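Novice: First the structure, then my questions, so here it is.
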Amino acid sequence: MRARILTTSLAFAALLAGASAVLAADKVTIMVGGYEKQIYLPAKLAESLGYFKDEGLEVELLNEAAGVDAENEMLAGAVQGVVGFYDHCVDLQAKGKFVMSVVQFSQAPGEVELISSKYPDVKSMADLKSKNLGVTGLGSSTNFLSQYLMLKSGVKPGDYTTLPVGAGTTFIAAMQQDKIQAGMTTEPTISRLLATGEARVLVDMRTVEKTTEALGGTYPAASLYMQTAWIEKNKPLVQKLANAFVKTLKYIDTHSAADIADKMPKDYYAGNKESYVKALADGKAMFTRDGVMPQGGPETVLAVLAGFSKNIKGKQIDLSKTYTTEFVKNAK
């Protein structure tokens with residue numbers, strides 16, 4: 001009898017060990033380029049809604065102020081995925097590194113170039129010559145877009161300075177202290193500065209229409225991207241992530257900004273929930289409904305990057321290797 005109990009206990013222990021191994025295999029770490037930013041809202045929302053757990057995933061979300069730093073963490077193998085801008089996938093291929101957008105969250109950057117109210121004479125990007133422009137980080141997507149908009153306005157790279165100032169409080173402080181005269185940022189930082197009258201909008205890329213006006217086409221931005229080699233080795237896990245994120249995008253599409261805000265951590269409101277909800281309501285259309293890469297979007301991104309980047313000019317970029325729709329189209 002004791003032998004039977006011992007045998008049963010050992011079998012049960014082995015079963016538990018096996019279950020633990022399965023759970024461990026389904027753990028993934030994702031670095032977000034500032035998860036309090038509304039452009040990256042799907043990451044925290046998926047966690048809050050329990051969609052990761054529904055897929056049997058244990059997802060750890062880590063925060064990094066700038067997308068370029070999140071990218072570096074992934075390339076170093078510290079994390080498996082990044083919630084950041086798709087344009088890094090194009091930029092990295094030019095450097096011989098293959099990374100793919102697995103789920104495309106947005107079809108517009110959700111970014112705004114703000115000008116300090118101390119400079120009422122500035123009417124266009126061309127007027128920012130000799131000024132300091134704030135970006136989240138050097139090599140970040142805000143830096144990419146700033147460089148393109150300045151070049152498009154006829155201002156050469158050496159005729160202005162980009163300063164890495166992050167987002168939120170650090171961005172606001174830099175503008176208040178006149179360390180930057182203008183800068184590119186997202187919600188809720190935009191609304192905070194507009195509410196106090198300390199800044200005004202110079203270029204708005206929060207909607208597809210205004211993005212097309214500024215950049216010449218749809219600009220796919222926030223996404224979940226991962227190294228191509230890792231994706232190929234972990235397709236079942238990647239599919240589960242795609243399932244969770246596509247469900248999240250459908251939730252965003254079918255719920256009000258107020259409903260979505262209620263699911264987010266209160267400190268994301270930056271002290272003003274009403275302003276947070278309004279900003280989200282105004283910008284919610286930037287998110288895709290299904291995670292699919294918008295048609296023509298990659299071509300716009302390549303054209304923007306090729307407009308100023310020495311990394312891209314003269315390089316053959318295979319856009320088909322910068323994103324995949326395999327997982328979102330199979331999402332359940």
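So you can find residues: chains in the structure tokens are A, B, ... in the order shown, residues in each start at 1, and ligands are numbered from 1 in order.
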When you look at Lys118 (chain A) with a cut-off of 9 Å (counting only C-alpha atoms), what residues show up, excluding the ones that are within fewer than 3 positions of it in the same chain? I need them as an mmCIF file with C-alpha atoms, in the first residue's frame.

Specialist:
```cif
data_model
loop_
_atom_site.group_PDB
_atom_site.id
_atom_site.type_symbol
_atom_site.label_atom_id
_atom_site.label_comp_id
_atom_site.auth_asym_id
_atom_site.auth_seq_id
_atom_site.Cartn_x
_atom_site.Cartn_y
_atom_site.Cartn_z
ATOM 1 C CA ILE A 115 6.764 74.526 -29.927
ATOM 2 C CA ASP A 121 7.162 83.752 -34.223
ATOM 3 C CA ASP A 178 14.174 76.423 -22.277
ATOM 4 C CA GLN A 181 12.486 75.200 -27.755
ATOM 5 C CA GLU A 198 3.189 76.369 -22.277
ATOM 6 C CA ALA A 199 3.249 74.957 -25.807
#
```

Novice: Extract the full set of helix (DSSP H, G or I) residues from region 16-242 of chain A according to DSSP on the backbone, and format it as a VMD selection string.

Specialist: chain A and resid 16 to 25 38 to 48 51 to 54 67 to 75 87 to 94 125 to 128 141 to 152 157 to 159 169 to 176 189 to 196 208 to 215 228 to 233 235 to 242

Novice: Would you mind listing what lies within 12 Å of Gly77 (chain A) as an MDAnalysis selection string, with only C-alpha atoms counted and same-chain residues fewer than 3 positions away left out?

Specialist: chainID A and resid 28:31 70:74 80:82 226:227 229:230

Novice: Those same residues - N, CA and C atoms - I'd like them written as a compact mmCIF listing (two decimals), in the first residue's frame.

Specialist:
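So the final result, stored in result-v7.txt, reads:
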```
# COMPACT_ATOMS: atom_id res chain seq x y z
N VAL A 28 7.56 35.15 -21.36
CA VAL A 28 8.21 36.04 -22.32
C VAL A 28 8.34 37.43 -21.71
N THR A 29 9.43 38.08 -22.00
CA THR A 29 9.67 39.43 -21.50
C THR A 29 9.65 40.42 -22.66
N ILE A 30 8.86 41.47 -22.50
CA ILE A 30 8.71 42.48 -23.54
C ILE A 30 9.09 43.84 -22.97
N MET A 31 9.94 44.53 -23.68
CA MET A 31 10.34 45.88 -23.28
C MET A 31 9.47 46.89 -24.03
N ALA A 70 14.99 50.29 -25.82
CA ALA A 70 14.27 49.02 -25.78
C ALA A 70 14.79 48.09 -26.88
N GLU A 71 15.02 48.66 -28.04
CA GLU A 71 15.58 47.91 -29.18
C GLU A 71 16.93 47.29 -28.82
N ASN A 72 17.77 48.07 -28.17
CA ASN A 72 19.10 47.59 -27.79
C ASN A 72 19.01 46.43 -26.80
N GLU A 73 18.04 46.50 -25.90
CA GLU A 73 17.84 45.42 -24.92
C GLU A 73 17.47 44.12 -25.64
N MET A 74 16.65 44.22 -26.67
CA MET A 74 16.25 43.04 -27.43
C MET A 74 17.43 42.46 -28.21
N GLN A 80 12.70 39.41 -25.19
CA GLN A 80 12.37 38.71 -26.43
C GLN A 80 11.65 39.59 -27.44
N GLY A 81 10.98 40.62 -26.96
CA GLY A 81 10.24 41.48 -27.87
C GLY A 81 10.24 42.92 -27.41
N VAL A 82 9.85 43.79 -28.32
CA VAL A 82 9.77 45.22 -28.03
C VAL A 82 8.44 45.76 -28.52
N MET A 226 10.07 41.68 -33.02
CA MET A 226 10.97 40.68 -32.45
C MET A 226 12.02 40.29 -33.49
N GLN A 227 13.10 39.69 -33.02
CA GLN A 227 14.12 39.24 -33.96
C GLN A 227 13.58 38.07 -34.79
N ALA A 229 14.91 35.51 -36.24
CA ALA A 229 15.38 34.17 -35.87
C ALA A 229 14.63 33.64 -34.66
N TRP A 230 14.33 34.52 -33.70
CA TRP A 230 13.60 34.11 -32.49
C TRP A 230 12.16 33.74 -32.84
```

Novice: Please compute the CA of Asp91 (chain A)-CA of Leu305 (chain A) distance, one decimal, in Å.

Specialist: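 Spanning CA of Asp91 (chain A) to CA of Leu305 (chain A) is a straight-line distance of 7.7 Å.
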
Novice: Quick one: everything within 9 Å of region 84-88 of chain A, counting only C-alpha atoms, minus sequence neighbours fewer than 3 positions away in the same chain. Send it as an MDAnalysis selection string.

Specialist: chainID A and resid 31:34 40 66:68 70:71 91:93 99:101 104 109 140:141 144 219:225 298 301:302 305 322:323

Novice: Restricting the calculation to only C-alpha atoms, which member of A:Gly283, A:Gly314, A:Gly50, A:Gly137 is positioned closest to Asp204 (chain A)?

Specialist: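 Closest to Asp204 (chain A), using only C-alpha atoms: A:Gly283.
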
Novice: Need the shell around Ile190 (chain A): protein/DNA/RNA residues with any atom at most 10 Å away, counting only C-alpha atoms. Skip same-chain ones fewer than 6 positions apart. Format as a PyMOL selection string?

Specialist: chain A and resi 111-114+167-168+172+184+199-201+279

Novice: From the list A:Gln176, A:Asn272, A:Ser48, A:Thr196, which residue is nearest Ala244 (chain A) when using only C-alpha atoms?

Specialist: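 Between A:Gln176, A:Asn272, A:Ser48, A:Thr196, the residue approaching Ala244 (chain A) most closely is A:Ser48.
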